[in-house]
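Source file: entry-v7.cif. Holds: mmCIF, C-alpha atoms.
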```cif
data_upload
#
loop_
_atom_site.label_atom_id
_atom_site.label_comp_id
_atom_site.auth_asym_id
_atom_site.auth_seq_id
_atom_site.Cartn_x
_atom_site.Cartn_y
_atom_site.Cartn_z
CA MET A 1 -2.33 26.72 1.36
CA GLU A 2 -2.06 24.03 3.97
CA THR A 3 -4.82 23.57 6.49
CA LYS A 4 -5.81 20.77 8.80
CA GLU A 5 -8.57 19.74 6.45
CA HIS A 6 -6.39 19.85 3.34
CA PRO A 7 -2.87 18.87 4.25
CA THR A 8 -0.26 18.59 1.54
CA VAL A 9 -0.56 15.08 0.17
CA GLY A 10 2.19 13.02 -1.34
CA LYS A 11 2.07 9.74 -3.15
CA LYS A 12 2.96 6.86 -0.89
CA LYS A 13 6.26 5.71 -2.16
CA ILE A 14 8.39 2.69 -2.09
CA THR A 15 11.50 3.18 -0.10
CA PRO A 16 14.29 1.38 -1.91
CA ASP A 17 16.84 1.62 0.88
CA LYS A 18 16.78 1.20 4.58
CA CYS A 19 15.21 4.14 6.22
CA VAL A 20 14.14 5.04 9.68
CA VAL A 21 10.44 5.24 10.31
CA THR A 22 9.88 8.65 11.73
CA GLY A 23 8.13 11.54 10.13
CA LYS A 24 5.11 12.30 12.22
CA GLY A 25 2.58 14.01 10.09
CA GLU A 26 3.38 12.67 6.64
CA TRP A 27 0.23 12.46 4.57
CA TYR A 28 -0.36 10.01 1.78
CA PHE A 29 -2.82 9.45 -0.97
CA PRO A 30 -4.67 6.15 -0.45
CA LEU A 31 -5.80 3.96 -3.33
CA SER A 32 -9.48 3.72 -4.03
CA ASP A 33 -12.07 1.98 -6.14
CA ILE A 34 -15.36 3.57 -7.12
CA TYR A 35 -18.26 1.69 -8.56
CA GLU A 36 -21.79 2.50 -9.44
CA THR A 37 -24.89 0.41 -8.95
CA PRO A 38 -28.45 1.46 -9.89
CA ASP A 39 -29.06 2.84 -6.39
CA ASN A 40 -25.65 3.88 -5.05
CA PHE A 41 -22.13 4.89 -5.68
CA THR A 42 -19.63 2.99 -3.54
CA ILE A 43 -16.12 4.17 -2.76
CA LEU A 44 -13.61 1.71 -1.30
CA ILE A 45 -10.41 3.16 0.09
CA ASP A 46 -7.39 1.20 1.32
CA MET A 47 -6.20 2.68 4.59
CA PRO A 48 -4.13 0.03 6.35
CA GLY A 49 -3.51 0.91 9.97
CA VAL A 50 -6.53 3.15 10.38
CA GLY A 51 -9.17 2.10 12.88
CA ASN A 52 -12.67 3.24 13.59
CA GLU A 53 -11.54 5.79 16.15
CA ASN A 54 -9.06 7.76 14.07
CA ILE A 55 -10.92 8.38 10.87
CA SER A 56 -12.85 11.52 10.07
CA ILE A 57 -15.19 12.02 7.16
CA ASP A 58 -16.58 15.48 6.61
CA LEU A 59 -18.92 16.85 4.06
CA ARG A 60 -18.27 20.51 3.38
CA GLY A 61 -20.49 21.87 0.71
CA SER A 62 -20.00 19.50 -2.17
CA GLU A 63 -16.68 18.18 -0.95
CA LEU A 64 -16.29 14.94 0.89
CA VAL A 65 -13.06 15.05 2.90
CA ILE A 66 -11.61 11.84 4.30
CA ASN A 67 -8.74 11.89 6.78
CA GLY A 68 -7.37 8.78 8.43
CA GLU A 69 -4.64 8.87 11.02
CA VAL A 70 -2.23 6.08 11.77
CA SER A 71 -0.63 5.62 15.14
CA GLN A 72 3.13 5.53 14.87
CA GLU A 73 3.89 4.63 18.43
CA ALA A 74 4.62 0.94 17.98
CA TYR A 75 8.26 1.40 17.09
CA THR A 76 9.48 2.87 20.36
CA ASP A 77 11.91 0.11 21.29
CA GLU A 78 12.31 -1.51 17.89
CA LYS A 79 15.01 -0.92 15.38
CA VAL A 80 13.90 -0.98 11.77
CA VAL A 81 15.97 -3.45 9.78
CA TYR A 82 14.26 -3.25 6.42
CA ASN A 83 11.56 -0.93 5.20
CA GLU A 84 9.42 -0.89 2.12
CA TYR A 85 6.68 1.52 2.97
CA ASN A 86 6.25 4.76 4.79
CA ILE A 87 3.83 5.00 7.64
CA GLY A 88 1.72 8.08 7.44
CA HIS A 89 -1.76 9.42 7.55
CA TYR A 90 -4.17 9.27 4.67
CA HIS A 91 -6.07 12.09 3.07
CA ARG A 92 -8.34 12.12 0.11
CA HIS A 93 -11.23 14.23 -1.01
CA PHE A 94 -13.92 13.86 -3.59
CA VAL A 95 -16.27 16.41 -5.06
CA ILE A 96 -19.78 15.07 -5.18
CA SER A 97 -22.60 16.29 -7.35
CA ASP A 98 -26.28 16.87 -6.70
CA ALA A 99 -26.93 13.35 -7.90
CA ILE A 100 -26.10 12.13 -4.41
CA ASN A 101 -28.43 12.13 -1.47
CA ARG A 102 -26.16 13.80 1.07
CA ASP A 103 -28.21 12.95 4.11
CA LYS A 104 -27.84 9.24 3.59
CA ILE A 105 -24.12 8.78 3.07
CA GLU A 106 -22.90 5.80 5.05
CA ALA A 107 -19.38 4.81 5.96
CA LYS A 108 -17.78 1.83 7.61
CA ILE A 109 -14.23 0.70 8.05
CA SER A 110 -13.08 -2.86 8.49
CA ASP A 111 -9.64 -4.44 8.13
CA GLY A 112 -8.17 -1.19 6.89
CA VAL A 113 -10.64 -0.72 4.06
CA LEU A 114 -13.06 2.18 4.26
CA SER A 115 -16.26 1.76 2.36
CA LEU A 116 -18.47 4.71 1.67
CA VAL A 117 -21.93 4.23 0.24
CA LEU A 118 -23.33 7.30 -1.45
CA PRO A 119 -26.99 6.78 -2.32
CA LYS A 120 -28.26 8.42 -5.48
CA ALA A 121 -30.84 11.14 -5.14
CA GLU A 122 -34.37 10.21 -6.18
CA HIS A 123 -34.35 12.41 -9.25
CA VAL A 124 -31.44 10.61 -10.89
CA LYS A 125 -32.49 7.04 -10.17
CA PRO A 126 -33.66 5.14 -13.20
CA ARG A 127 -37.41 4.87 -13.19
CA LYS A 128 -40.03 3.53 -15.40
CA ILE A 129 -42.48 5.89 -17.00
CA GLU A 130 -45.86 4.42 -17.31
CA VAL A 131 -47.81 4.89 -20.46
CA ARG A 132 -51.38 5.76 -19.90
CA THR A 133 -54.06 4.74 -22.27
CA GLU A 134 -56.78 7.23 -22.85
CA MET B 1 22.20 1.29 -48.55
CA GLY B 2 23.70 3.60 -51.09
CA LEU B 3 26.63 5.90 -50.89
CA MET B 4 27.76 7.50 -47.69
CA LYS B 5 29.46 10.76 -47.21
CA TRP B 6 33.13 10.32 -46.48
CA ASP B 7 34.01 12.29 -43.40
CA ARG B 8 37.56 13.41 -43.29
CA THR B 9 38.11 12.49 -39.71
CA GLY B 10 40.95 10.98 -37.83
CA PRO B 11 41.14 7.22 -37.32
CA LEU B 12 40.28 7.50 -33.64
CA ASP B 13 37.04 9.40 -34.15
CA SER B 14 35.12 6.26 -34.89
CA LEU B 15 36.16 4.94 -31.50
CA THR B 16 34.50 7.84 -29.71
CA HIS B 17 31.40 7.16 -31.77
CA ILE B 18 31.38 3.55 -30.63
CA GLN B 19 31.86 4.70 -27.08
CA LYS B 20 28.87 7.00 -27.33
CA GLU B 21 26.72 4.21 -28.73
CA MET B 22 27.77 1.93 -25.89
CA ILE B 23 26.89 4.53 -23.29
CA ASP B 24 23.47 5.04 -24.84
CA LEU B 25 22.88 1.30 -24.88
CA LEU B 26 23.88 0.95 -21.24
CA ASP B 27 21.55 3.78 -20.33
CA ILE B 28 18.65 2.00 -21.99
CA LEU B 29 19.45 -1.33 -20.36
CA SER B 30 20.06 -0.06 -16.88
CA SER B 31 17.11 2.27 -16.58
CA THR B 32 14.33 0.73 -14.56
CA PRO B 33 10.86 0.90 -15.99
CA GLN B 34 9.29 4.12 -14.89
CA MET B 35 6.30 2.62 -13.20
CA GLU B 36 4.40 4.64 -10.68
CA GLY B 37 3.63 3.36 -7.25
CA TYR B 38 2.17 0.00 -6.57
CA ALA B 39 2.42 -1.62 -9.98
CA SER B 40 6.15 -2.17 -9.69
CA MET B 41 6.00 -3.00 -6.06
CA GLU B 42 6.13 -6.29 -4.31
CA PHE B 43 2.89 -7.05 -2.57
CA PRO B 44 2.48 -6.83 0.33
CA PRO B 45 4.95 -4.12 1.29
CA ILE B 46 6.71 -5.02 4.53
CA ILE B 47 8.66 -3.51 7.36
CA VAL B 48 11.05 -5.69 9.34
CA SER B 49 12.13 -4.47 12.73
CA ALA B 50 13.73 -6.01 15.79
CA ASN B 51 14.26 -5.45 19.46
CA GLU B 52 16.25 -7.52 21.95
CA GLU B 53 13.73 -10.34 22.19
CA HIS B 54 11.80 -10.41 18.93
CA VAL B 55 11.87 -9.84 15.24
CA PHE B 56 8.73 -8.14 13.94
CA VAL B 57 7.45 -8.28 10.40
CA ARG B 58 4.63 -5.94 9.48
CA ALA B 59 2.80 -6.08 6.19
CA GLU B 60 0.11 -3.80 4.82
CA LEU B 61 -2.70 -6.10 3.74
CA PRO B 62 -5.94 -4.16 3.81
CA GLY B 63 -9.18 -6.04 3.35
CA ILE B 64 -8.07 -9.64 3.63
CA GLN B 65 -9.84 -12.50 5.33
CA ILE B 66 -7.64 -14.25 7.85
CA ALA B 67 -8.68 -17.57 6.33
CA ASP B 68 -7.11 -16.48 3.03
CA LEU B 69 -3.72 -15.92 4.60
CA ASP B 70 -1.04 -18.55 4.95
CA ILE B 71 2.08 -17.78 6.97
CA GLN B 72 4.97 -20.21 7.27
CA VAL B 73 8.42 -20.12 8.76
CA VAL B 74 11.04 -22.56 7.60
CA ASP B 75 14.47 -22.08 9.18
CA ASP B 76 14.96 -18.37 8.85
CA VAL B 77 12.70 -17.76 5.87
CA LEU B 78 9.24 -16.34 6.43
CA THR B 79 6.67 -16.86 3.70
CA ILE B 80 3.44 -14.87 3.49
CA LYS B 81 0.94 -16.21 1.00
CA GLY B 82 -2.61 -15.25 0.42
CA GLU B 83 -5.30 -13.99 -1.78
CA ARG B 84 -7.04 -10.68 -1.89
CA LYS B 85 -10.49 -11.38 -3.15
CA LEU B 86 -12.52 -8.97 -5.16
CA VAL B 87 -15.51 -7.85 -3.17
CA THR B 88 -18.42 -9.47 -4.88
CA VAL B 89 -20.61 -6.72 -6.11
CA THR B 90 -23.82 -7.18 -7.93
CA ALA B 91 -23.63 -7.82 -11.63
CA LYS B 92 -25.06 -4.41 -12.34
CA ALA B 93 -22.09 -2.57 -10.85
CA THR B 94 -19.99 -0.44 -13.15
CA TYR B 95 -16.48 0.48 -12.10
CA LEU B 96 -15.68 4.14 -12.47
CA ARG B 97 -12.24 4.00 -10.96
CA ARG B 98 -9.99 1.13 -10.04
CA GLU B 99 -6.72 1.63 -8.26
CA ARG B 100 -6.63 -1.23 -5.80
CA ASN B 101 -5.13 -4.57 -6.73
CA TYR B 102 -6.59 -8.01 -6.31
CA GLY B 103 -5.37 -11.53 -6.69
CA THR B 104 -3.03 -14.00 -5.13
CA PHE B 105 0.33 -13.06 -3.77
CA ALA B 106 3.26 -14.79 -2.13
CA ARG B 107 6.51 -13.53 -0.90
CA SER B 108 9.34 -14.93 1.14
CA ILE B 109 11.77 -12.96 3.18
CA MET B 110 14.98 -13.90 4.88
CA LEU B 111 14.85 -13.05 8.55
CA PRO B 112 17.77 -11.13 10.01
CA GLU B 113 18.24 -13.66 12.85
CA LYS B 114 17.49 -17.22 13.83
CA VAL B 115 14.05 -17.47 15.39
CA ASP B 116 12.23 -19.88 17.62
CA ILE B 117 9.82 -21.42 15.11
CA GLU B 118 7.59 -22.95 17.80
CA ARG B 119 6.62 -19.62 19.32
CA VAL B 120 5.95 -17.49 16.25
CA SER B 121 2.66 -15.64 16.47
CA ALA B 122 0.75 -13.41 14.10
CA SER B 123 -2.03 -10.87 14.47
CA TYR B 124 -4.07 -8.85 12.03
CA LYS B 125 -5.48 -5.47 12.95
CA ASN B 126 -6.88 -2.67 10.82
CA GLY B 127 -5.44 -4.20 7.69
CA VAL B 128 -1.91 -4.58 9.02
CA LEU B 129 -0.46 -8.02 9.61
CA LEU B 130 2.08 -8.29 12.42
CA VAL B 131 4.19 -11.41 12.71
CA LYS B 132 6.05 -11.66 15.96
CA LEU B 133 9.04 -13.99 15.87
CA PRO B 134 10.91 -14.62 19.12
CA LYS B 135 14.62 -14.80 18.60
CA ALA B 136 16.18 -18.19 19.11
CA ALA B 137 18.20 -18.64 22.26
CA GLU B 138 21.47 -18.88 20.35
CA ALA B 139 20.80 -15.58 18.58
CA LYS B 140 20.41 -13.61 21.77
CA PRO B 141 23.47 -11.91 23.18
CA LYS B 142 25.06 -13.93 25.94
CA GLN B 143 27.20 -12.58 28.68
CA VAL B 144 30.53 -14.39 28.96
CA MET B 145 31.82 -14.78 32.46
CA ILE B 146 35.49 -14.26 32.91
CA GLN B 147 37.16 -16.42 35.48
CA LYS B 148 40.23 -15.38 37.24
CA ALA B 149 42.89 -18.00 36.89
#
```

Exercise: express the given structure as structure tokens:
Amino acid sequence: METKEHPTVGKKKITPDKCVVTGKGEWYFPLSDIYETPDNFTILIDMPGVGNENISIDLRGSELVINGEVSQEAYTDEKVVYNEYNIGHYHRHFVISDAINRDKIEAKISDGVLSLVLPKAEHVKPRKIEVRTE
Amino acid sequence: MGLMKWDRTGPLDSLTHIQKEMIDLLDILSSTPQMEGYASMEFPPIIVSANEEHVFVRAELPGIQIADLDIQVVDDVLTIKGERKLVTVTAKATYLRRERNYGTFARSIMLPEKVDIERVSASYKNGVLLVKLPKAAEAKPKQVMIQKA
């Protein structure tokens, strides 16, 4: 079942030997960190080569789908001498729960790192319960 | 060690046993650790390419401050040094997942050709470092004129 939203994803691998950089449309699984603070969840995803203009983040139901595309045009007149990584697009998706306020998800990308801030919904935030005296 | 069963085998059978042991040992020694992905990998991963005029070195370095990078060329060895700093999050943050690596790194690579050290330039865009090294004049192909005697 391969669709545009859910392409087949492989693990980005180390290429031990010389290899030619071609392969338009290879998709890789980017590395990510997720941390939780009292108000938010933050997801950081390494997507080297992806700029502001070729990233798409979609929320479909409870699924957050992140696709980043890398331009592979730079190598037109260059010959690859030595290669350690494959150039390809990035795809990753996360299932998010009701604990997240979906209207307020924010994303920004800088220097190839995407950061997504998912604010917690009001009902799951820690709050103090006041004790009334009668 | 007590008594061992005496196998009625030919004198050469023990040699095949030794051979088998040796093969097993070599298998153990030569197998590379089965590490997945980035852990076993040199950081940053690079691609070296060349055209007629330049040698290009690209490195995937997402999320690095330019000030934390140090690039040097000595003869035909390019050294990329730097540090990937942990984003300072508030003390109350709890990590739920951690796949990205942090810390200092350094790696040196031998360039495929002599380069003009004076005119090396580097740029950093979208987390990819590109070092552009013009080939030295003596490394470029030169047409030899043939004179008729």

Closest atom pairs, residues of chain B within 6 Å of chain A, all atoms listed in the file, as JSON lines:
```
{"residue": "B:Pro45", "atom": "CA", "partner": "A:Glu84", "partner_atom": "CA", "distance": 5.6}
{"residue": "B:Ile46", "atom": "CA", "partner": "A:Glu84", "partner_atom": "CA", "distance": 5.5}
{"residue": "B:Ile47", "atom": "CA", "partner": "A:Asn83", "partner_atom": "CA", "distance": 4.4}
{"residue": "B:Val48", "atom": "CA", "partner": "A:Tyr82", "partner_atom": "CA", "distance": 5.0}
{"residue": "B:Ser49", "atom": "CA", "partner": "A:Val80", "partner_atom": "CA", "distance": 4.0}
{"residue": "B:Ala50", "atom": "CA", "partner": "A:Glu78", "partner_atom": "CA", "distance": 5.2}
{"residue": "B:Asn51", "atom": "CA", "partner": "A:Glu78", "partner_atom": "CA", "distance": 4.7}
{"residue": "B:Glu60", "atom": "CA", "partner": "A:Pro48", "partner_atom": "CA", "distance": 5.9}
{"residue": "B:Pro62", "atom": "CA", "partner": "A:Gly112", "partner_atom": "CA", "distance": 4.8}
{"residue": "B:Gly63", "atom": "CA", "partner": "A:Asp111", "partner_atom": "CA", "distance": 5.1}
{"residue": "B:Lys92", "atom": "CA", "partner": "A:Thr37", "partner_atom": "CA", "distance": 5.9}
{"residue": "B:Ala93", "atom": "CA", "partner": "A:Thr37", "partner_atom": "CA", "distance": 4.5}
{"residue": "B:Thr94", "atom": "CA", "partner": "A:Glu36", "partner_atom": "CA", "distance": 5.1}
{"residue": "B:Tyr95", "atom": "CA", "partner": "A:Tyr35", "partner_atom": "CA", "distance": 4.1}
{"residue": "B:Leu96", "atom": "CA", "partner": "A:Tyr35", "partner_atom": "CA", "distance": 5.3}
{"residue": "B:Arg97", "atom": "CA", "partner": "A:Ile34", "partner_atom": "CA", "distance": 5.0}
{"residue": "B:Arg98", "atom": "CA", "partner": "A:Asp33", "partner_atom": "CA", "distance": 4.5}
{"residue": "B:Glu99", "atom": "CA", "partner": "A:Ser32", "partner_atom": "CA", "distance": 5.5}
{"residue": "B:Arg100", "atom": "CA", "partner": "A:Leu31", "partner_atom": "CA", "distance": 5.8}
{"residue": "B:Asn126", "atom": "CA", "partner": "A:Asp111", "partner_atom": "CA", "distance": 4.2}
{"residue": "B:Gly127", "atom": "CA", "partner": "A:Gly112", "partner_atom": "CA", "distance": 4.1}
{"residue": "B:Val128", "atom": "CA", "partner": "A:Pro48", "partner_atom": "CA", "distance": 5.8}
```

### Task
Between A:Thr8, A:Gly61, A:Ile55, A:Ser115, single out the one closest to Asp98 of chain A, counting only C-alpha atoms.
A:Gly61

### Message
What's around His93 of chain A at 8 Å? Count only C-alpha atoms, leave out sequence neighbours fewer than 3 positions away in its own chain, and write the answer as number ranges by chain.
### Response
A: 63-66

Take the residues that were just selected and, keeping C-alpha atoms, output them as an mmCIF file, in the frame of the given file.
```cif
data_model
loop_
_atom_site.group_PDB
_atom_site.id
_atom_site.type_symbol
_atom_site.label_atom_id
_atom_site.label_comp_id
_atom_site.auth_asym_id
_atom_site.auth_seq_id
_atom_site.Cartn_x
_atom_site.Cartn_y
_atom_site.Cartn_z
ATOM 1 C CA GLU A 63 -16.680 18.180 -0.950
ATOM 2 C CA LEU A 64 -16.290 14.940 0.890
ATOM 3 C CA VAL A 65 -13.060 15.050 2.900
ATOM 4 C CA ILE A 66 -11.610 11.840 4.300
#
```

### Task
Would you translate the PyMOL selection byres ((chain B and resi 68-82) around 10) into the concrete set of residues it matches in this file, as number ranges by chain?
B: 43-44, 57, 59, 61, 64-67, 83-85, 103-118, 120-122, 129, 131, 133

### Query
In Å to one decimal, how far is atom CA of Ile105 of chain A from atom CA of Lys125 of chain A?
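A separation of 15.8 Å between them.
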
### Query
At what distance in Å, to one decimal, does atom CA of Gly68 of chain A lie from atom CA of Tyr28 of chain A?
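Going from atom CA of Tyr28 of chain A over to atom CA of Gly68 of chain A, I get 9.7 Å.
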